[in-house]
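Data file: input_31.cif. Format and content: mmCIF, C-alpha atoms.
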```cif
data_start
#
loop_
_atom_site.label_atom_id
_atom_site.label_comp_id
_atom_site.auth_asym_id
_atom_site.auth_seq_id
_atom_site.Cartn_x
_atom_site.Cartn_y
_atom_site.Cartn_z
CA MET A 1 107.15 116.54 97.90
CA THR A 2 104.87 113.58 98.51
CA PRO A 3 104.85 112.79 102.25
CA ILE A 4 106.42 109.44 103.12
CA PRO A 5 104.22 107.64 105.65
CA HIS A 6 105.64 105.70 108.57
CA SER A 7 105.90 101.99 107.87
CA GLY A 8 104.34 101.19 111.23
CA MET A 9 105.42 98.95 114.08
CA ASP A 10 103.39 95.99 112.89
CA ARG A 11 105.38 95.55 109.71
CA ARG A 12 108.72 96.07 111.44
CA ALA A 13 107.69 93.36 113.92
CA LEU A 14 106.71 91.12 111.00
CA LEU A 15 110.12 91.59 109.43
CA ARG A 16 111.82 90.84 112.73
CA THR A 17 109.74 87.69 113.26
CA ALA A 18 110.41 86.44 109.73
CA ALA A 19 114.12 87.01 110.16
CA LEU A 20 114.45 85.35 113.53
CA THR A 21 112.32 82.32 112.74
CA SER A 22 114.12 81.68 109.44
CA GLY A 23 117.63 82.55 110.53
CA ALA A 24 117.59 85.41 108.05
CA ALA A 25 118.65 88.98 108.66
CA VAL A 26 116.45 91.59 110.26
CA LEU A 27 115.59 94.51 108.01
CA GLY A 28 114.60 97.72 109.77
CA GLY A 29 113.10 100.99 108.55
CA SER A 30 110.84 103.75 109.76
CA LEU A 31 109.85 106.44 107.27
CA GLY A 32 108.49 104.43 104.38
CA ALA A 33 112.00 103.48 103.37
CA LEU A 34 113.51 100.13 104.27
CA GLY A 35 117.17 99.93 105.20
CA ALA A 36 119.41 97.70 107.26
CA GLY A 37 119.63 98.11 111.00
CA GLY A 38 117.60 97.84 114.16
CA ALA A 39 118.98 94.55 115.47
CA SER A 40 121.93 93.26 117.40
CA ALA A 41 125.10 92.05 115.71
CA GLU A 42 124.11 88.48 116.57
CA THR A 43 120.94 88.66 114.44
CA VAL A 44 122.05 90.76 111.47
CA ASP A 45 124.07 89.20 108.66
CA PRO A 46 126.19 91.14 106.14
CA ALA A 47 123.57 90.87 103.39
CA ALA A 48 120.97 92.60 105.56
CA GLN A 49 123.43 95.27 106.60
CA ALA A 50 124.06 95.97 102.91
CA ALA A 51 120.36 96.28 102.02
CA PRO A 52 119.75 99.49 100.05
CA GLU A 53 117.10 101.99 101.09
CA LEU A 54 113.77 100.62 99.94
CA TYR A 55 110.53 102.61 99.75
CA TRP A 56 107.62 100.50 100.86
CA ARG A 57 104.24 100.37 99.15
CA GLY A 58 102.78 102.82 101.63
CA ALA A 59 105.15 105.47 100.30
CA TRP A 60 103.50 105.35 96.88
CA ASN A 61 99.97 104.70 98.17
CA ALA A 62 99.70 101.21 96.70
CA ARG A 63 96.33 99.58 96.30
CA PRO A 64 95.87 96.29 98.18
CA PRO A 65 96.15 93.14 96.05
CA SER A 66 92.84 91.92 94.65
CA SER A 67 93.65 88.35 95.75
CA PRO A 68 96.07 86.84 98.29
CA ILE A 69 99.74 87.04 97.36
CA GLN A 70 101.43 83.66 96.97
CA VAL A 71 104.71 83.13 98.82
CA LEU A 72 106.92 80.10 98.26
CA ALA A 73 109.08 78.74 101.07
CA THR A 74 111.88 78.10 98.58
CA PRO A 75 114.01 81.05 97.42
CA PRO A 76 114.19 82.13 93.77
CA GLN A 77 116.96 80.76 91.56
CA TYR A 78 117.32 83.82 89.34
CA ILE A 79 117.15 87.61 89.52
CA VAL A 80 115.70 88.97 86.29
CA VAL A 81 116.59 92.47 85.06
CA HIS A 82 113.84 94.30 83.14
CA HIS A 83 113.28 97.72 81.68
CA THR A 84 109.87 99.37 82.03
CA ALA A 85 109.67 100.30 78.32
CA THR A 86 108.62 103.80 79.35
CA ALA A 87 110.19 107.14 78.48
CA ASN A 88 113.72 107.89 79.65
CA SER A 89 112.54 110.60 82.01
CA THR A 90 114.84 113.37 83.18
CA ASN A 91 112.74 113.84 86.31
CA TYR A 92 114.92 112.17 88.91
CA THR A 93 112.89 113.15 91.99
CA LEU A 94 111.41 110.87 94.62
CA ASP A 95 107.92 112.13 93.73
CA HIS A 96 108.40 110.94 90.16
CA ALA A 97 109.63 107.56 91.36
CA LEU A 98 106.62 107.05 93.60
CA ASN A 99 104.23 108.10 90.83
CA LEU A 100 105.95 105.63 88.50
CA SER A 101 105.25 102.76 90.89
CA LYS A 102 101.64 103.81 91.18
CA SER A 103 101.19 104.02 87.40
CA ILE A 104 102.75 100.59 86.90
CA GLN A 105 100.43 99.04 89.48
CA ASN A 106 97.37 100.69 87.89
CA TYR A 107 98.39 99.36 84.48
CA HIS A 108 99.09 95.85 85.73
CA MET A 109 95.85 95.60 87.70
CA ASP A 110 93.46 97.55 85.48
CA SER A 111 94.76 96.72 81.99
CA ASN A 112 96.36 93.30 82.51
CA GLY A 113 93.92 92.06 85.13
CA TRP A 114 96.61 90.94 87.57
CA ILE A 115 96.17 90.84 91.33
CA ASP A 116 98.92 93.41 91.96
CA THR A 117 102.07 94.91 90.49
CA GLY A 118 103.84 92.18 88.51
CA GLN A 119 107.45 92.80 89.55
CA GLN A 120 108.87 92.56 93.05
CA LEU A 121 111.10 95.66 92.89
CA THR A 122 111.34 98.87 90.84
CA ILE A 123 114.24 101.29 90.37
CA SER A 124 113.66 104.80 89.04
CA ARG A 125 116.09 106.74 86.84
CA GLY A 126 116.80 108.85 89.90
CA GLY A 127 118.08 105.75 91.68
CA PHE A 128 115.16 105.22 94.08
CA LEU A 129 114.34 101.59 94.92
CA MET A 130 110.69 100.76 95.56
CA GLU A 131 108.74 97.72 96.66
CA GLY A 132 106.52 96.33 93.92
CA ARG A 133 104.40 93.27 94.65
CA ASP A 134 103.11 93.12 98.19
CA ARG A 135 105.05 91.23 100.90
CA THR A 136 108.35 91.42 99.02
CA PRO A 137 110.64 92.85 101.78
CA GLU A 138 109.54 90.49 104.52
CA SER A 139 109.79 87.52 102.15
CA ILE A 140 113.36 88.46 101.24
CA ALA A 141 114.13 88.73 104.97
CA ALA A 142 112.77 85.21 105.45
CA ARG A 143 114.57 83.89 102.34
CA GLN A 144 111.21 83.14 100.76
CA HIS A 145 109.85 84.07 97.34
CA VAL A 146 106.86 86.26 96.51
CA VAL A 147 105.53 84.95 93.20
CA GLY A 148 105.13 87.80 90.72
CA THR A 149 104.09 88.16 87.09
CA HIS A 150 107.09 89.32 85.10
CA VAL A 151 108.69 86.40 83.20
CA ALA A 152 106.38 83.93 81.48
CA ASN A 153 106.48 80.32 82.74
CA ASN A 154 109.28 81.12 85.17
CA ASN A 155 107.62 83.29 87.81
CA SER A 156 108.00 80.62 90.48
CA THR A 157 111.81 80.66 90.12
CA CYS A 158 112.57 84.32 89.31
CA ILE A 159 112.47 87.59 91.24
CA GLY A 160 112.21 90.64 88.99
CA ILE A 161 113.59 94.18 89.04
CA GLU A 162 111.96 96.78 86.77
CA ASN A 163 114.35 99.55 85.75
CA GLU A 164 112.66 102.73 84.60
CA GLY A 165 113.30 103.55 80.95
CA THR A 166 113.81 102.02 77.51
CA TYR A 167 117.35 100.78 76.93
CA MET A 168 117.50 99.66 73.32
CA THR A 169 119.85 102.43 72.15
CA GLN A 170 121.03 104.14 75.34
CA GLY A 171 122.01 103.08 78.81
CA PRO A 172 120.49 103.82 82.22
CA THR A 173 121.54 106.72 84.42
CA GLN A 174 124.48 106.28 86.77
CA ALA A 175 122.11 106.63 89.74
CA LEU A 176 119.92 103.79 88.48
CA THR A 177 122.95 101.61 87.69
CA ASN A 178 124.46 102.13 91.13
CA THR A 179 121.21 101.24 92.86
CA LEU A 180 120.79 98.21 90.60
CA VAL A 181 124.24 96.93 91.61
CA ASP A 182 123.48 97.45 95.31
CA THR A 183 120.08 95.75 94.94
CA LEU A 184 121.53 92.78 93.07
CA ALA A 185 124.27 92.38 95.70
CA TRP A 186 121.65 92.46 98.46
CA LEU A 187 119.47 89.84 96.75
CA CYS A 188 122.38 87.55 95.89
CA GLY A 189 123.51 87.70 99.52
CA ALA A 190 120.04 87.26 100.98
CA TYR A 191 119.24 84.26 98.77
CA GLY A 192 122.73 82.73 98.56
CA LEU A 193 122.92 83.19 94.78
CA ASN A 194 126.00 83.41 92.60
CA PRO A 195 125.95 86.66 90.57
CA GLY A 196 127.43 85.03 87.49
CA SER A 197 124.73 82.41 87.19
CA ALA A 198 121.74 84.08 88.87
CA ILE A 199 121.60 87.55 87.30
CA ARG A 200 119.76 87.32 84.00
CA GLY A 201 117.86 89.47 81.53
CA HIS A 202 114.23 88.91 80.65
CA ARG A 203 115.23 87.89 77.11
CA ASP A 204 117.12 84.91 78.54
CA PHE A 205 113.76 83.32 79.39
CA ASN A 206 111.25 84.73 76.89
CA ALA A 207 111.26 86.02 73.31
CA THR A 208 111.47 89.73 74.07
CA ALA A 209 113.78 92.71 73.59
CA CYS A 210 113.61 93.39 77.36
CA PRO A 211 115.73 94.72 79.09
CA GLY A 212 116.93 96.46 75.94
CA ASP A 213 120.07 95.86 73.90
CA VAL A 214 122.22 98.29 75.88
CA LEU A 215 121.18 97.21 79.36
CA TYR A 216 121.40 93.55 78.37
CA SER A 217 124.94 94.09 77.11
CA MET A 218 125.80 95.57 80.51
CA LEU A 219 124.92 92.38 82.41
CA PRO A 220 128.44 90.85 82.39
CA GLU A 221 129.85 94.08 83.85
CA LEU A 222 127.02 94.24 86.38
CA ARG A 223 127.67 90.67 87.51
CA ASN A 224 131.33 91.52 88.10
CA ARG A 225 130.44 94.70 89.99
CA VAL A 226 127.95 92.81 92.13
CA ALA A 227 130.52 90.16 93.08
CA SER A 228 133.06 92.88 93.94
CA THR A 229 130.46 94.77 95.98
CA MET A 230 129.55 91.63 97.90
CA ARG A 231 133.17 90.90 98.75
CA ALA A 232 133.77 94.50 99.82
CA GLN A 233 130.76 94.32 102.14
CA GLY A 234 131.71 90.95 103.60
CA ILE A 235 128.85 89.09 101.91
CA PRO A 236 129.81 85.53 100.93
CA VAL A 237 129.66 84.90 97.18
CA ALA A 238 128.00 81.56 96.58
CA ALA A 239 129.52 79.09 94.16
CA ALA A 240 127.80 78.72 90.81
CA PRO A 241 125.47 75.71 90.71
CA ALA A 242 126.74 72.66 88.86
CA THR A 243 123.40 72.21 87.10
CA THR A 244 120.42 74.46 86.57
CA GLU A 245 116.79 73.41 86.49
CA ASN A 246 114.22 75.66 84.83
CA GLY A 247 117.16 77.63 83.47
CA PRO A 248 117.30 80.24 80.73
CA THR A 249 116.65 79.05 77.20
CA PHE A 250 117.87 82.22 75.41
CA PRO A 251 115.01 82.48 72.89
CA PRO A 252 115.46 84.76 69.87
CA VAL A 253 114.17 88.32 70.17
CA PRO A 254 111.16 88.75 67.85
CA ASP A 255 111.44 91.31 65.06
CA ASP A 256 107.85 92.42 65.50
CA GLU A 257 107.78 92.93 69.25
CA PRO A 258 105.19 95.59 70.13
CA ASP A 259 106.55 99.03 70.95
CA HIS A 260 104.31 100.78 73.45
CA GLU A 261 104.43 101.97 77.03
CA PHE A 262 104.82 99.27 79.69
CA TYR A 263 105.22 96.43 77.18
CA HIS A 264 108.34 94.43 77.87
CA GLY A 265 107.68 90.94 76.61
CA PRO A 266 105.76 87.87 77.78
CA LEU A 267 105.06 88.08 81.50
CA ARG A 268 102.68 85.21 82.20
CA GLY A 269 102.39 81.78 80.58
CA PRO A 270 100.46 78.52 80.93
CA ASP A 271 102.97 77.21 83.47
CA ASP A 272 102.36 80.12 85.86
CA PHE A 273 99.93 79.51 88.70
CA SER A 274 99.53 83.13 89.83
CA ARG A 275 98.72 86.39 88.13
#
```

For this file, produce the structure as structure tokens.
Amino acid sequence: MTPIPHSGMDRRALLRTAALTSGAAVLGGSLGALGAGGASAETVDPAAQAAPELYWRGAWNARPPSSPIQVLATPPQYIVVHHTATANSTNYTLDHALNLSKSIQNYHMDSNGWIDTGQQLTISRGGFLMEGRDRTPESIAARQHVVGTHVANNNSTCIGIENEGTYMTQGPTQALTNTLVDTLAWLCGAYGLNPGSAIRGHRDFNATACPGDVLYSMLPELRNRVASTMRAQGIPVAAAPATTENGPTFPPVPDDEPDHEFYHGPLRGPDDFSR
């Protein structure tokens, strides 16, 4: 199995500093995987305690970004669910998950010309959650937003989760679904978002089949599960906003959308300031 490097004291200290200076929760972690813990009860909120295990970039030997990552002080308004448009692999191992993250980064940087992986988080079919774009965990801890490249013209308001597979005619594995629910609950709690209004599919913003007909049809159930999970874990469920700016426009899915590996719709538009 691929060795999982230590995350290092410097990054744990960075997470702690971000959390304390922002009033956010402290997120701990030691062996390349990020989980809740490592702080006193006075500094850890329920959302941080509920954070799922997250494998940092060092675990999958990520390349450094080619340009500085842009971080907004304001949190995202939406959490966008994607599929990777790759094969529905039956390899559910951690090694496979780490190799998936590496292949996505190589494609995004080398073929698309982006500065880094486009999405902030990735979930494998084995249920492993991995950091995508650099600086994502510490930005979540600080209730800030790492700007990615995953939903055209809306990257400044949306955080994205890539789910391994193609879900046009079949659904994701139970392991992936369970991790997705836990991840969505964590993000809704960390950012103070209402699951019913914040959890969206890529096709709500751009003309694309992503995240696939089946996974998209699962979103109402996922929103309900996320709200129930938050309540069970003592995470406050925020009220739905009265109005939404830069909200979904629900464009029609094109009939001629390309069908090839890693394509999952428009990811960058003229309104996006980063790549």

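Selection check: the PyMOL selection byres ((chain A and resi 57) around 8) on the shown file gives Gly32, Tyr55, Trp56, Gly58, Ala59, Trp60, Asn61, Ala62, Met130, Glu131, Gly132 and Asp134 of chain A.
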
Residue by residue, what does the PyMOL selection byres ((chain A and resi 201) around 10) grab here? Present the result as a PyMOL selection string.
chain A and resi 78-83+151+160-161+198-200+202-206+208-212+215-217+219+248+250

Export C-alpha atoms of the chosen residues as a PDB file, in the frame of the given file?
```pdb
ATOM      1  CA  TYR A  78     117.320  83.820  89.340  1.00  0.00           C
ATOM      2  CA  ILE A  79     117.150  87.610  89.520  1.00  0.00           C
ATOM      3  CA  VAL A  80     115.700  88.970  86.290  1.00  0.00           C
ATOM      4  CA  VAL A  81     116.590  92.470  85.060  1.00  0.00           C
ATOM      5  CA  HIS A  82     113.840  94.300  83.140  1.00  0.00           C
ATOM      6  CA  HIS A  83     113.280  97.720  81.680  1.00  0.00           C
ATOM      7  CA  VAL A 151     108.690  86.400  83.200  1.00  0.00           C
ATOM      8  CA  GLY A 160     112.210  90.640  88.990  1.00  0.00           C
ATOM      9  CA  ILE A 161     113.590  94.180  89.040  1.00  0.00           C
ATOM     10  CA  ALA A 198     121.740  84.080  88.870  1.00  0.00           C
ATOM     11  CA  ILE A 199     121.600  87.550  87.300  1.00  0.00           C
ATOM     12  CA  ARG A 200     119.760  87.320  84.000  1.00  0.00           C
ATOM     13  CA  HIS A 202     114.230  88.910  80.650  1.00  0.00           C
ATOM     14  CA  ARG A 203     115.230  87.890  77.110  1.00  0.00           C
ATOM     15  CA  ASP A 204     117.120  84.910  78.540  1.00  0.00           C
ATOM     16  CA  PHE A 205     113.760  83.320  79.390  1.00  0.00           C
ATOM     17  CA  ASN A 206     111.250  84.730  76.890  1.00  0.00           C
ATOM     18  CA  THR A 208     111.470  89.730  74.070  1.00  0.00           C
ATOM     19  CA  ALA A 209     113.780  92.710  73.590  1.00  0.00           C
ATOM     20  CA  CYS A 210     113.610  93.390  77.360  1.00  0.00           C
ATOM     21  CA  PRO A 211     115.730  94.720  79.090  1.00  0.00           C
ATOM     22  CA  GLY A 212     116.930  96.460  75.940  1.00  0.00           C
ATOM     23  CA  LEU A 215     121.180  97.210  79.360  1.00  0.00           C
ATOM     24  CA  TYR A 216     121.400  93.550  78.370  1.00  0.00           C
ATOM     25  CA  SER A 217     124.940  94.090  77.110  1.00  0.00           C
ATOM     26  CA  LEU A 219     124.920  92.380  82.410  1.00  0.00           C
ATOM     27  CA  PRO A 248     117.300  80.240  80.730  1.00  0.00           C
ATOM     28  CA  PHE A 250     117.870  82.220  75.410  1.00  0.00           C
TER      29      PHE A 250
END
```

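Distances here use all atoms listed in the file; by that measure, the residue among A:Gly196, A:Gly189, A:Leu267, A:Asn88 closest to A:Gly171 is A:Asn88.
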
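Here atom CA of A:Gln49 stands at a distance of 19.0 Å from atom CA of A:Gly127.
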
Could you tell me how far atom CA of A:Gln105 sits from atom CA of A:Pro251, in Å to one decimal place?
27.6 Å

Between A:Phe273, A:Tyr263, A:Tyr107, A:Tyr191, which one has atoms that come closest to A:Ser139, using all atoms listed in the file?
A:Tyr191

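Matched in the shown structure by the PyMOL selection byres ((chain A and resi 146) around 9): Ile69, Gln70, Val71, Leu72, Pro75, Pro76, Gln120, Arg133, Asp134, Arg135, Thr136, Ser139, Ile140, Gln144, His145, Val147, Gly148, Ser156 and Ile159 of chain A.
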